[in-house]
Amino acid sequence: MTPTEQLFSRRTALKSISSGFGYLAFAALADQEALAEGAAKTRSPLAPKDPHFEPRAKRVIFLSMRGAPSHVDTFDYKPQLQKDDGKQARNTRLRGGRLMGSPWEFSQHGKSGLWVSELMPEIAAHADELCLLSGMHTDIPNHPQAQVQMHTGTSRFVRPSLGAWTLYGLGTENANLPGFIALNPASGTAQHFGSAFLPAIHQAARFGSSSRRSARRVRGGTKEEVPNIKNLKLDTELQRLQLDYVQNLNRAKLKRDGDQPEVEGVIESFELAFRMQDEIPELMDVSGESRKTLDLYGIDGSASDGFGKQCLLARRFIEAGVRFVELSHGNWDHHRNITNDLPARCNEIDKPIAGLLADLKQRDMLKDTLVIWAGEFGRTPHGQGGDGRDHNNKGYTTWMAGGGVKGGFKYGATDPHGYEAVEGRMHIHDWHATILHALGLNHEKLTYRHAGRDFRLTDVHGIVAKEIFA
């Protein structure tokens, strides 16, 4: 086929997209060189940026446990609570509430001797990598508000999420992938991963990895897929031609109307989506991983299979240059039947998280990857309904690993029964400030001008817990 015939063929194909539009898109060929030149002069908002100071961590994997795991049954050993099991509880809304010692044994692990429950034997084997933050507290003991505050720093206003601020501050290391990815986000949690007044390109790309529509069975487990990642009507060359025309219109609007954050976001997202087609399908296909790796993450058809895939995907994403990945795991709200449900939840995450830590370490990536495990608050030391625990925002435990934090270290403490943080108290604002500090970002300087004032993740609060860093 001659060059003239090829051009005519392209024109015909584009005309089929919509009447009149195809010819205009074909005409945009003449502008491609100018578009490329203009794009080269415009620095991408996702381009890597210098941190404020030397970072300990370069990337984040956030393991979000929705529903608030019980700290006194997992990582906050309370021998006094065991001794006082059955006694009248204090600080309880329940009349006649009584203290409930943990039904599970705690033991010391590693050279550090950290106390970890028998519910987490695989994670316990990595005790010398864990930095337990046992003085956590937050404002509201209600799931929706506490979840939003954990992600954005406030429960009352729409604000950018932790991942969006991280991406805004540091950019990303792979222009063909989103810099912020949320795996298995629950419905109704868009604000957890949003960018609010930050440019839209900083919000998370949400992949529903547990969705039946986004996965299909293959050898060794499930092949995770992103819906609509491929254009079934146009090949790559014709897509590029179509996109160049649309972007030319978008840039003309920007030039005519001035500052248009929404249009700028559309331009960036269209370009990123086009580039993602080449890398995302391959990254999300875990069928090529060895049986040894799949077993390491608990991807074996058992209860740990689903979260194991998320953990493996998180490792693959950050290895490819993604800055921030959040994984979600639900059903930790144990007001009743805790003796059956809590072991089941722990069994689903224990091996996958241990596998993630081991895999990162053997790839020499744990040292500069900050792994965070957290729920929105904790549970009460007193029982509820005979076999459950109520919400407790006054004191609970999260942990970090890698990213320059001290391994085998416990920072902060709750009182002898686990009601309230009394030492090394760390509010959500302090927690956010500390995470940003690990990434080389000063939380007081990471600001964005909006509505006449400078906003930041920590508002006017936040104290970095420098004691936790090696």
# chains A, B, ... in the order shown; residues from 1 in each chain; ligands from 1

$ select_by_dssp --residues "range 211-408 of chain A" --states "strand (DSSP E or B)" --output "PyMOL selection string"
chain A and resi 215-218+221-224+324-329+369-374+378-383+389-392+396-401+405

$ residues_around --residues "Pro55 in chain A" --least-positions-apart "3" --cutoff "8 Å" --atoms "only C-alpha atoms" --output "PyMOL selection string"
chain A and resi 51+58+437-441

$ write_last_selection --atoms "N, CA and C atoms" --output "PDB file, in the first residue's frame"
ATOM      1  N   PRO A  51      12.691  16.042  47.070  1.00  0.00           N
ATOM      2  CA  PRO A  51      12.093  16.214  48.400  1.00  0.00           C
ATOM      3  C   PRO A  51      12.732  17.403  49.115  1.00  0.00           C
ATOM      4  N   LYS A  58      11.316   5.997  49.679  1.00  0.00           N
ATOM      5  CA  LYS A  58      11.031   6.525  48.351  1.00  0.00           C
ATOM      6  C   LYS A  58       9.599   6.254  47.908  1.00  0.00           C
ATOM      7  N   HIS A 437       7.590  12.853  56.700  1.00  0.00           N
ATOM      8  CA  HIS A 437       9.000  13.028  57.084  1.00  0.00           C
ATOM      9  C   HIS A 437       9.847  11.873  56.555  1.00  0.00           C
ATOM     10  N   ALA A 438       9.317  10.659  56.634  1.00  0.00           N
ATOM     11  CA  ALA A 438      10.054   9.497  56.117  1.00  0.00           C
ATOM     12  C   ALA A 438      10.328   9.644  54.624  1.00  0.00           C
ATOM     13  N   LEU A 439       9.432  10.336  53.927  1.00  0.00           N
ATOM     14  CA  LEU A 439       9.564  10.528  52.478  1.00  0.00           C
ATOM     15  C   LEU A 439      10.384  11.767  52.122  1.00  0.00           C
ATOM     16  N   GLY A 440      10.948  12.415  53.131  1.00  0.00           N
ATOM     17  CA  GLY A 440      11.763  13.601  52.869  1.00  0.00           C
ATOM     18  C   GLY A 440      10.954  14.859  52.683  1.00  0.00           C
ATOM     19  N   LEU A 441       9.714  14.871  53.175  1.00  0.00           N
ATOM     20  CA  LEU A 441       8.829  16.022  53.008  1.00  0.00           C
ATOM     21  C   LEU A 441       8.533  16.669  54.355  1.00  0.00           C
TER      22      LEU A 441
END

$ residues_around --residues "range 112-119 of chain A" --least-positions-apart "2" --cutoff "9 Å" --atoms "only C-alpha atoms" --output "JSON list (two decimals) with C-alpha atoms, in the first residue's frame"
[["chain", "number", "residue", "atom", "x", "y", "z"],
["A", 72, "VAL", "CA", -5.48, -5.71, 72.51],
["A", 73, "ASP", "CA", -5.86, -8.99, 70.60],
["A", 74, "THR", "CA", -3.12, -8.45, 68.02],
["A", 75, "PHE", "CA", -0.16, -6.14, 68.74],
["A", 76, "ASP", "CA", -0.80, -4.52, 72.16],
["A", 77, "TYR", "CA", -0.11, -7.10, 74.87],
["A", 104, "TRP", "CA", -5.37, -15.55, 72.41],
["A", 105, "GLU", "CA", -1.85, -16.00, 73.72],
["A", 106, "PHE", "CA", 0.87, -13.42, 73.19],
["A", 107, "SER", "CA", 4.56, -14.28, 72.98],
["A", 108, "GLN", "CA", 7.83, -12.50, 72.28],
["A", 109, "HIS", "CA", 9.47, -12.74, 68.87],
["A", 110, "GLY", "CA", 12.79, -12.00, 67.22],
["A", 121, "PRO", "CA", 2.37, -16.02, 63.47],
["A", 122, "GLU", "CA", 3.73, -15.21, 59.99],
["A", 123, "ILE", "CA", 3.99, -11.46, 60.63],
["A", 124, "ALA", "CA", 5.46, -12.22, 64.07],
["A", 127, "ALA", "CA", 9.05, -8.78, 64.42],
["A", 128, "ASP", "CA", 12.53, -7.29, 64.03],
["A", 130, "LEU", "CA", 8.19, -3.91, 62.77],
["A", 132, "LEU", "CA", 4.76, -0.68, 66.59],
["A", 342, "LEU", "CA", -11.00, -12.13, 64.20],
["A", 343, "PRO", "CA", -8.94, -15.31, 63.59],
["A", 346, "CYS", "CA", -6.04, -12.44, 60.55],
["A", 347, "ASN", "CA", -5.67, -15.67, 58.59],
["A", 350, "ASP", "CA", -1.06, -12.82, 57.89],
["A", 407, "GLY", "CA", 12.72, -2.38, 63.42],
["A", 408, "GLY", "CA", 11.84, -4.39, 66.52],
["A", 409, "PHE", "CA", 10.76, -1.18, 68.22],
["A", 410, "LYS", "CA", 7.65, -0.17, 70.15]]

$ select_by_dssp --residues "range 24-264 of chain A" --states "alpha helix (DSSP H)" --output "PyMOL selection string"
chain A and resi 24-27+32-41+79-83+121-124+143-152+162-170+236-257+261-264

$ closest_residue --among "A:Gly135, A:Gly153, A:Pro79, A:Pro199" --to "Trp399 in chain A" --atoms "only C-alpha atoms"
A:Gly135

$ residues_around --residues "Asp459 in chain A" --least-positions-apart "3" --cutoff "9 Å" --atoms "only C-alpha atoms" --output "number ranges by chain"
A: 153-154, 429, 444, 455-456, 462

$ residues_around --residues "Ser134 in chain A" --least-positions-apart "6" --cutoff "7 Å" --atoms "only C-alpha atoms" --output "count of residues only"
9

$ residues_around --residues "Trp431 in chain A" --least-positions-apart "2" --cutoff "12 Å" --atoms "only C-alpha atoms" --output "VMD selection string"
chain A and resid 133 to 138 149 to 153 162 372 374 397 to 400 424 to 429 433 to 438 443 457 to 458 461 to 466 468

$ residues_around --residues "Val158 in chain A" --least-positions-apart "6" --cutoff "9 Å" --atoms "only C-alpha atoms" --output "NGL selection string"
:A and (148 or 152 or 191 or 194 or 196-197)

$ closest_residue --among "A:Gln239, A:Asn228, A:Thr293, A:Thr369" --to "Gly321 in chain A" --atoms "only C-alpha atoms"
A:Thr369

$ atom_distance --atom1 "CA of Arg345 in chain A" --atom2 "CA of Trp373 in chain A"
14.0 Å

$ atom_distance --atom1 "CA of Pro160 in chain A" --atom2 "CA of Gly208 in chain A"
20.9 Å

$ atom_distance --atom1 "CA of Glu262 in chain A" --atom2 "CA of Ala200 in chain A"
7.2 Å

$ closest_residue --among "A:Val246, A:Val422, A:Gln80, A:Glu348" --to "Asn331 in chain A" --atoms "only C-alpha atoms"
A:Glu348

$ closest_residue --among "A:Asn231, A:Gln203, A:Asn176, A:Ser187" --to "Ile280 in chain A" --atoms "only C-alpha atoms"
A:Asn176
